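K.L.:
Sharing target_23.txt (compact mmCIF, C-alpha atoms (C1' of nucleotides)) below.
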# COMPACT_ATOMS: atom_id res chain seq x y z
CA MET N 1 -8.93 -9.77 -23.56
CA LYS N 2 -8.70 -6.23 -22.28
CA ASN N 3 -6.58 -5.30 -19.32
CA ILE N 4 -7.97 -3.47 -16.35
CA ASN N 5 -6.52 -0.12 -17.34
CA THR N 6 -8.27 -0.34 -20.70
CA ILE N 7 -11.52 -1.30 -19.01
CA TYR N 8 -11.35 1.89 -16.97
CA SER N 9 -10.94 4.00 -20.10
CA ILE N 10 -13.95 2.39 -21.69
CA LEU N 11 -16.10 2.85 -18.62
CA VAL N 12 -15.18 6.46 -18.00
CA LYS N 13 -15.78 7.26 -21.64
CA LYS N 14 -19.21 5.68 -21.47
CA TYR N 15 -20.40 6.85 -18.08
CA GLY N 16 -18.25 9.85 -17.22
CA LEU N 17 -17.09 10.86 -13.78
CA GLN N 18 -19.20 9.48 -10.97
CA ASN N 19 -18.15 11.72 -8.07
CA TRP N 20 -19.59 9.17 -5.75
CA TRP N 21 -19.07 10.06 -2.17
CA PRO N 22 -20.38 12.28 -0.81
CA THR N 23 -22.63 12.65 -3.83
CA THR N 24 -26.00 12.68 -2.13
CA LEU N 25 -24.55 14.73 0.64
CA GLU N 26 -23.27 17.30 -1.77
CA LYS N 27 -26.67 17.81 -3.36
CA ASP N 28 -28.93 17.57 -0.38
CA LEU N 29 -26.88 18.33 2.67
CA HIS N 30 -23.80 20.25 1.66
CA PRO N 31 -24.66 22.81 -0.99
CA THR N 32 -21.28 24.43 -0.52
CA TYR N 33 -19.28 21.27 -1.11
CA HIS N 34 -17.76 21.11 -4.58
CA GLY N 35 -15.70 17.98 -4.35
CA ARG N 36 -12.64 19.61 -2.90
CA THR N 37 -12.03 19.17 0.79
CA LEU N 38 -13.90 16.94 3.14
CA ASN N 39 -14.47 18.06 6.68
CA ASP N 40 -14.92 15.58 9.51
CA LYS N 41 -18.69 15.80 9.38
CA MET N 42 -18.62 14.74 5.74
CA ARG N 43 -16.17 11.96 6.50
CA PHE N 44 -18.52 10.61 9.12
CA GLU N 45 -21.41 10.77 6.71
CA VAL N 46 -19.43 8.61 4.33
CA VAL N 47 -18.89 6.16 7.17
CA VAL N 48 -22.62 6.08 7.89
CA GLY N 49 -23.37 5.52 4.22
CA SER N 50 -20.85 2.71 3.98
CA ILE N 51 -22.58 0.87 6.81
CA LEU N 52 -26.10 1.52 5.58
CA THR N 53 -25.38 0.43 2.03
CA GLN N 54 -24.25 -3.05 2.98
CA ASN N 55 -26.13 -5.35 0.64
CA THR N 56 -28.69 -2.60 0.08
CA SER N 57 -29.58 -0.35 -2.81
CA TRP N 58 -28.34 3.21 -2.49
CA LYS N 59 -31.87 4.52 -3.03
CA ASN N 60 -32.96 3.01 0.27
CA VAL N 61 -29.83 4.30 1.95
CA GLU N 62 -30.44 7.86 0.78
CA LYS N 63 -33.82 7.90 2.50
CA ALA N 64 -32.26 6.75 5.74
CA ILE N 65 -29.48 9.34 5.57
CA ILE N 66 -31.97 12.10 4.86
CA ALA N 67 -34.09 10.92 7.78
CA LEU N 68 -31.06 11.00 10.05
CA ASN N 69 -30.19 14.46 8.86
CA LYS N 70 -33.73 15.69 9.34
CA GLY N 71 -33.59 14.51 12.94
CA LYS N 72 -30.23 16.25 13.35
CA LEU N 73 -28.69 12.88 14.15
CA LEU N 74 -26.24 12.62 11.27
CA SER N 75 -23.17 13.09 13.42
CA ILE N 76 -21.07 11.15 15.89
CA ASN N 77 -22.83 12.66 18.87
CA GLY N 78 -26.19 12.39 17.20
CA ILE N 79 -25.75 8.66 16.78
CA LEU N 80 -24.32 8.23 20.27
CA LYS N 81 -27.11 10.03 22.07
CA THR N 82 -29.93 8.24 20.24
CA PRO N 83 -31.29 5.02 21.73
CA GLN N 84 -30.53 2.08 19.44
CA LYS N 85 -34.20 1.23 19.10
CA LYS N 86 -35.03 4.72 17.92
CA LEU N 87 -32.04 4.72 15.60
CA ALA N 88 -33.24 1.50 14.03
CA ALA N 89 -36.65 3.01 13.38
CA ILE N 90 -35.13 6.05 11.68
CA ILE N 91 -32.92 4.02 9.34
CA ARG N 92 -35.67 1.52 8.63
CA SER N 93 -35.65 2.09 4.89
CA ALA N 94 -32.05 0.84 4.62
CA GLY N 95 -33.05 -2.65 5.72
CA TYR N 96 -31.29 -4.81 8.34
CA PHE N 97 -32.08 -1.90 10.59
CA ASN N 98 -31.38 -3.62 13.90
CA GLN N 99 -27.92 -4.78 12.82
CA LYS N 100 -27.14 -1.47 11.20
CA ALA N 101 -28.27 0.55 14.20
CA GLU N 102 -25.83 -1.44 16.33
CA ARG N 103 -23.08 -0.97 13.75
CA LEU N 104 -23.65 2.78 13.64
CA LYS N 105 -23.34 2.88 17.42
CA ILE N 106 -20.08 0.95 17.23
CA VAL N 107 -18.45 3.14 14.59
CA ALA N 108 -19.70 6.31 16.26
CA SER N 109 -18.04 5.42 19.53
CA PHE N 110 -14.91 4.42 17.67
CA PHE N 111 -14.65 7.78 15.95
CA ALA N 112 -15.59 9.58 19.16
CA LYS N 113 -12.58 7.97 20.85
CA ASN N 114 -10.24 8.28 17.87
CA GLY N 115 -10.73 11.51 15.99
CA PHE N 116 -10.45 11.65 12.22
CA LYS N 117 -7.49 13.98 12.48
CA LYS N 118 -5.45 11.51 14.52
CA LEU N 119 -6.56 8.49 12.49
CA LYS N 120 -5.71 10.13 9.20
CA LYS N 121 -2.06 10.20 10.22
CA GLU N 122 -1.95 6.43 10.69
CA ARG N 123 -0.47 4.32 7.97
CA ILE N 124 -3.07 2.78 5.74
CA GLY N 125 -2.44 -0.79 6.89
CA LYS N 126 -2.80 0.11 10.53
CA LEU N 127 -5.96 2.09 9.90
CA ARG N 128 -7.44 -0.80 7.95
CA GLU N 129 -6.73 -3.16 10.85
CA LEU N 130 -8.44 -0.83 13.30
CA LEU N 131 -11.54 -0.66 11.12
CA LEU N 132 -11.68 -4.39 10.49
CA ALA N 133 -11.53 -5.00 14.22
CA LEU N 134 -14.93 -3.33 14.58
CA LYS N 135 -17.94 -5.60 14.55
CA GLY N 136 -19.93 -4.91 11.41
CA ILE N 137 -17.02 -3.70 9.31
CA GLY N 138 -15.71 -6.20 6.80
CA PRO N 139 -13.18 -5.70 4.01
CA GLU N 140 -15.42 -3.85 1.60
CA THR N 141 -16.80 -1.44 4.16
CA ALA N 142 -13.34 -0.85 5.61
CA ASP N 143 -11.87 -0.13 2.21
CA SER N 144 -14.77 2.12 1.27
CA ILE N 145 -14.14 4.15 4.41
CA LEU N 146 -10.41 4.26 3.70
CA LEU N 147 -10.89 5.33 0.10
CA TYR N 148 -13.85 7.71 0.34
CA ALA N 149 -13.69 9.05 3.91
CA PHE N 150 -9.96 9.04 4.61
CA GLU N 151 -9.00 9.43 0.97
CA LYS N 152 -6.36 6.72 1.18
CA PRO N 153 -5.30 4.93 -2.01
CA ILE N 154 -6.87 1.49 -1.66
CA PHE N 155 -8.99 -0.33 -4.21
CA VAL N 156 -12.48 -1.40 -3.15
CA ILE N 157 -13.64 -4.82 -4.28
CA ASP N 158 -17.29 -5.76 -4.27
CA ALA N 159 -19.53 -8.48 -5.64
CA TYR N 160 -19.78 -6.62 -8.95
CA THR N 161 -16.03 -6.36 -9.33
CA LYS N 162 -15.64 -10.04 -8.70
CA ARG N 163 -18.43 -11.01 -11.08
CA MET N 164 -17.20 -8.71 -13.78
CA CYS N 165 -13.64 -9.98 -13.56
CA SER N 166 -14.61 -13.61 -13.57
CA TYR N 167 -17.01 -12.98 -16.43
CA LEU N 168 -14.25 -11.32 -18.43
CA GLY N 169 -11.88 -14.15 -17.61
CA ILE N 170 -9.56 -11.91 -15.64
CA CYS N 171 -9.85 -13.91 -12.44
CA LYS N 172 -11.23 -17.17 -11.09
CA LYS N 173 -14.87 -17.24 -10.04
CA ASP N 174 -13.98 -18.01 -6.45
CA VAL N 175 -11.17 -15.45 -6.17
CA SER N 176 -10.77 -14.07 -2.67
CA TYR N 177 -11.26 -10.43 -1.77
CA ASP N 178 -7.60 -9.87 -0.94
CA GLU N 179 -6.41 -11.68 -4.03
CA LEU N 180 -8.50 -9.59 -6.40
CA GLN N 181 -7.61 -6.40 -4.59
CA GLN N 182 -3.92 -7.22 -4.95
CA MET N 183 -4.40 -7.77 -8.64
CA PHE N 184 -5.98 -4.36 -9.15
CA MET N 185 -3.48 -2.57 -6.99
CA LYS N 186 -0.54 -4.20 -8.67
CA LYS N 187 -1.67 -3.11 -12.13
CA LEU N 188 -3.14 0.32 -11.45
CA LYS N 189 -1.57 3.62 -10.60
CA HIS N 190 -2.11 4.36 -6.92
CA ASN N 191 -4.21 7.49 -6.98
CA VAL N 192 -7.16 8.22 -4.73
CA LYS N 193 -9.41 9.92 -7.25
CA PHE N 194 -8.67 7.23 -9.83
CA PHE N 195 -9.51 4.42 -7.41
CA GLN N 196 -12.66 6.21 -6.29
CA GLU N 197 -13.87 6.63 -9.84
CA TYR N 198 -12.96 3.15 -10.99
CA HIS N 199 -14.88 1.41 -8.25
CA ALA N 200 -17.89 3.67 -8.79
CA LEU N 201 -17.77 3.06 -12.54
CA ILE N 202 -17.84 -0.69 -12.07
CA VAL N 203 -20.97 -0.29 -9.96
CA ALA N 204 -22.53 2.09 -12.48
CA HIS N 205 -21.87 -0.30 -15.32
CA ALA N 206 -23.15 -3.25 -13.36
CA LYS N 207 -26.37 -1.43 -12.55
CA ASN N 208 -27.07 -0.85 -16.24
CA HIS N 209 -25.92 -4.07 -17.81
CA TYR N 210 -25.84 -6.59 -15.09
CA SER N 211 -29.05 -6.85 -13.14
CA LYS N 212 -29.96 -10.26 -14.41
CA LYS N 213 -28.40 -13.26 -16.04
CA PRO N 214 -27.20 -13.75 -18.63
CA TYR N 215 -24.61 -11.07 -17.95
CA HIS N 216 -23.45 -8.93 -20.82
CA TYR N 217 -20.44 -6.77 -20.36
CA SER N 218 -20.22 -6.71 -24.12
CA ILE N 219 -18.57 -3.31 -24.38
CA LEU N 220 -15.73 -4.64 -22.29
CA LYS N 221 -14.98 -7.78 -24.27
C1' DC Y 1 -44.93 -13.72 -6.85
C1' DG Y 2 -39.51 -14.02 -6.88
C1' DC Y 3 -35.15 -11.79 -7.25
C1' DC Y 4 -31.73 -8.48 -6.07
C1' DA Y 5 -29.42 -4.41 -3.88
C1' DG Y 6 -22.56 -0.25 -3.50
C1' DG Y 7 -22.03 -7.15 3.06
C1' DG Y 8 -20.88 -9.20 7.28
C1' DC Y 9 -21.55 -12.26 11.24
C1' DC Y 10 -22.15 -16.72 13.10
C1' DT Y 11 -22.14 -21.67 12.99
C1' DC Y 12 -20.64 -25.91 11.60
C1' DA Y 13 -17.93 -28.91 9.17
C1' DT Z 1 -11.46 -21.50 4.94
C1' DG Z 2 -15.68 -22.09 2.96
C1' DA Z 3 -20.40 -23.01 2.50
C1' DG Z 4 -24.93 -21.86 4.22
C1' DG Z 5 -28.37 -19.32 7.12
C1' DC Z 6 -29.59 -15.03 8.71
C1' DC Z 7 -30.62 -10.10 8.70
C1' DA Z 8 -35.13 -6.69 6.02
C1' DT Z 9 -36.73 -2.87 3.13
C1' DG Z 10 -38.10 -1.35 -1.44
C1' DG Z 11 -37.92 -1.50 -6.65
C1' DC Z 12 -39.10 -4.02 -10.46
Hey, can you dump this file as structure tokens for me?
P.N.:
Amino acid sequence: MKNINTIYSILVKKYGLQNWWPTTLEKDLHPTYHGRTLNDKMRFEVVVGSILTQNTSWKNVEKAIIALNKGKLLSINGILKTPQKKLAAIIRSAGYFNQKAERLKIVASFFAKNGFKKLKKERIGKLRELLLALKGIGPETADSILLYAFEKPIFVIDAYTKRMCSYLGICKKDVSYDELQQMFMKKLKHNVKFFQEYHALIVAHAKNHYSKKPYHYSILK
DNA sequence: CGCCAGGGCCTCA
DNA sequence: TGAGGCCATGGC
């Protein structure tokens, strides 16, 4: 059985760097961004994406983000000033639009009150607590925001990660989020870019090899 | 037609 | 604390 460092090497060799967030934003919205420094507008766009992509394909999310941008609403104030009903209509393609419109409102007011600059100085544990306290932000969304928007070294677990690990016999099928996260973080070097890429690679691999049962992660066995 | 997507909340044991 | 229902569009 391969360990999780080896699995990373195999995946990156096969799929290459993913440069996930803000991928779409880089291409369509931020032509000058080259993966170096995020400004607060980009950070907020990552937050929006993390909400919209909950249990939803990224394709559908992209449409919603582009629609928001087209309406000049892809910002904290843009979200705040837009009636929730109207917001829901704009993000329709992302599904669960009523829930997600409410969630966008909630995170927007949170970041309006607590600026990114101030929040970025918080320790990671404290910041994670603050995010988890928001309605609509669970562990995966919180960790995605921490890793991709705040660039904090935390490993994101998702359904794919869990399925892959249990399939490979690395963890139990009913392993908890925190348990699996601890396992990754205990065995991996704590590095933001590395964590960002690893999570994205798991998703990339799952998309190609893991849409339907029976699962075959053959290259990883 | 059914199944799934870069989840999380609520309810009920 | 965990299982199950619910939210909803779009791709295949």
K.L.:
Would you pick out the contacts of DC9 of chain Y at 10 Å or less, using only C-alpha atoms (C1' of nucleotides), so that residues sharing its chain but fewer than 3 positions from it are not included, and give the list as a PDB file with C-alpha atoms (C1' of nucleotides), keeping the file's coordinate frame?
P.N.:
ATOM      1  CA  GLN N  99     -27.920  -4.780  12.820  1.00  0.00           C
ATOM      2  CA  LYS N 135     -17.940  -5.600  14.550  1.00  0.00           C
ATOM      3  CA  GLY N 136     -19.930  -4.910  11.410  1.00  0.00           C
ATOM      4  CA  ILE N 137     -17.020  -3.700   9.310  1.00  0.00           C
ATOM      5  CA  GLY N 138     -15.710  -6.200   6.800  1.00  0.00           C
TER       6      GLY N 138
ATOM      7  C1'  DC Z   6     -29.590 -15.030   8.710  1.00  0.00           C
ATOM      8  C1'  DC Z   7     -30.620 -10.100   8.700  1.00  0.00           C
TER       9       DC Z   7
END
K.L.:
For Ile90 of chain N, which residue out of N:Ile66, N:Ala112, N:Lys2, N:Pro139 is the nearest one, using only C-alpha atoms?
P.N.:
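Checking each of N:Ile66, N:Ala112, N:Lys2, N:Pro139 against Ile90 of chain N, counting only C-alpha atoms, the winner is N:Ile66.
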K.L.:
Find the residues of chain N in contact range of chain Y, meaning any atom within 8 Å when counting all atoms listed in the file, and list them as a PyMOL selection string.
P.N.:
chain N and resi 53-58+136-138+140-141+158+203+211
K.L.:
Select residues of chain N: the criterion is any atom within 8 Å of an atom of chain Z, counting only C-alpha atoms (C1' of nucleotides); output as a VMD selection string.
P.N.:
chain N and resid 60 92 to 97 99
K.L.:
Could the residues in this selection be written to a file with C-alpha atoms, as a CSV table (one decimal), in the frame of the given file?
P.N.:
chain,number,residue,atom,x,y,z
N,60,ASN,CA,-33.0,3.0,0.3
N,92,ARG,CA,-35.7,1.5,8.6
N,93,SER,CA,-35.6,2.1,4.9
N,94,ALA,CA,-32.0,0.8,4.6
N,95,GLY,CA,-33.0,-2.6,5.7
N,96,TYR,CA,-31.3,-4.8,8.3
N,97,PHE,CA,-32.1,-1.9,10.6
N,99,GLN,CA,-27.9,-4.8,12.8
K.L.:
Around all the atoms of segment 3-9 of chain Z listed in the file, with 8 Å of room on each side, what axis-aligned box do you get, giving centre and edge lengths in Å to one decimal, as lines of an AutoDock Vina configuration file?
P.N.:
center_x = -28.6
center_y = -12.9
center_z = 5.6
size_x = 32.3
size_y = 36.1
size_z = 22.2
K.L.:
To one decimal in Å, tell me the separation between atom CA of Met42 of chain N and atom CA of Leu127 of chain N.
P.N.:
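If I compute the distance from atom CA of Met42 of chain N to atom CA of Leu127 of chain N, I get 18.4 Å.
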K.L.:
Which value, in Å to one decimal, gives the distance between atom CA of Ala149 of chain N and atom CA of Val47 of chain N?
P.N.:
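If I compute the distance from atom CA of Ala149 of chain N to atom CA of Val47 of chain N, I get 6.8 Å.
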K.L.:
Taking only C-alpha atoms into account, which of N:His199, N:Lys193, N:Ile4, N:Arg123 comes nearest Ile157 of chain N?
P.N.:
N:His199
K.L.:
Give me, as a PDB file with C-alpha atoms, in the frame of the given file, all polymer residues having an atom no more than 12 Å from segment 74-86 of chain N, counting only C-alpha atoms (C1' of nucleotides) and skipping those fewer than 3 positions away in the same chain.
P.N.:
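Saved to selection29.pdb:
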ATOM      1  CA  LEU N  25     -24.550  14.730   0.640  1.00  0.00           C
ATOM      2  CA  LEU N  29     -26.880  18.330   2.670  1.00  0.00           C
ATOM      3  CA  ASP N  40     -14.920  15.580   9.510  1.00  0.00           C
ATOM      4  CA  LYS N  41     -18.690  15.800   9.380  1.00  0.00           C
ATOM      5  CA  MET N  42     -18.620  14.740   5.740  1.00  0.00           C
ATOM      6  CA  ARG N  43     -16.170  11.960   6.500  1.00  0.00           C
ATOM      7  CA  PHE N  44     -18.520  10.610   9.120  1.00  0.00           C
ATOM      8  CA  GLU N  45     -21.410  10.770   6.710  1.00  0.00           C
ATOM      9  CA  VAL N  46     -19.430   8.610   4.330  1.00  0.00           C
ATOM     10  CA  VAL N  47     -18.890   6.160   7.170  1.00  0.00           C
ATOM     11  CA  VAL N  48     -22.620   6.080   7.890  1.00  0.00           C
ATOM     12  CA  GLY N  49     -23.370   5.520   4.220  1.00  0.00           C
ATOM     13  CA  ALA N  64     -32.260   6.750   5.740  1.00  0.00           C
ATOM     14  CA  ILE N  65     -29.480   9.340   5.570  1.00  0.00           C
ATOM     15  CA  ILE N  66     -31.970  12.100   4.860  1.00  0.00           C
ATOM     16  CA  ALA N  67     -34.090  10.920   7.780  1.00  0.00           C
ATOM     17  CA  LEU N  68     -31.060  11.000  10.050  1.00  0.00           C
ATOM     18  CA  ASN N  69     -30.190  14.460   8.860  1.00  0.00           C
ATOM     19  CA  LYS N  70     -33.730  15.690   9.340  1.00  0.00           C
ATOM     20  CA  GLY N  71     -33.590  14.510  12.940  1.00  0.00           C
ATOM     21  CA  ALA N  89     -36.650   3.010  13.380  1.00  0.00           C
ATOM     22  CA  ILE N  90     -35.130   6.050  11.680  1.00  0.00           C
ATOM     23  CA  ILE N  91     -32.920   4.020   9.340  1.00  0.00           C
ATOM     24  CA  ARG N  92     -35.670   1.520   8.630  1.00  0.00           C
ATOM     25  CA  PHE N  97     -32.080  -1.900  10.590  1.00  0.00           C
ATOM     26  CA  ASN N  98     -31.380  -3.620  13.900  1.00  0.00           C
ATOM     27  CA  GLN N  99     -27.920  -4.780  12.820  1.00  0.00           C
ATOM     28  CA  LYS N 100     -27.140  -1.470  11.200  1.00  0.00           C
ATOM     29  CA  ALA N 101     -28.270   0.550  14.200  1.00  0.00           C
ATOM     30  CA  GLU N 102     -25.830  -1.440  16.330  1.00  0.00           C
ATOM     31  CA  ARG N 103     -23.080  -0.970  13.750  1.00  0.00           C
ATOM     32  CA  LEU N 104     -23.650   2.780  13.640  1.00  0.00           C
ATOM     33  CA  LYS N 105     -23.340   2.880  17.420  1.00  0.00           C
ATOM     34  CA  ILE N 106     -20.080   0.950  17.230  1.00  0.00           C
ATOM     35  CA  VAL N 107     -18.450   3.140  14.590  1.00  0.00           C
ATOM     36  CA  ALA N 108     -19.700   6.310  16.260  1.00  0.00           C
ATOM     37  CA  SER N 109     -18.040   5.420  19.530  1.00  0.00           C
ATOM     38  CA  PHE N 110     -14.910   4.420  17.670  1.00  0.00           C
ATOM     39  CA  PHE N 111     -14.650   7.780  15.950  1.00  0.00           C
ATOM     40  CA  ALA N 112     -15.590   9.580  19.160  1.00  0.00           C
ATOM     41  CA  LYS N 113     -12.580   7.970  20.850  1.00  0.00           C
ATOM     42  CA  ASN N 114     -10.240   8.280  17.870  1.00  0.00           C
ATOM     43  CA  GLY N 115     -10.730  11.510  15.990  1.00  0.00           C
ATOM     44  CA  PHE N 116     -10.450  11.650  12.220  1.00  0.00           C
TER      45      PHE N 116
END
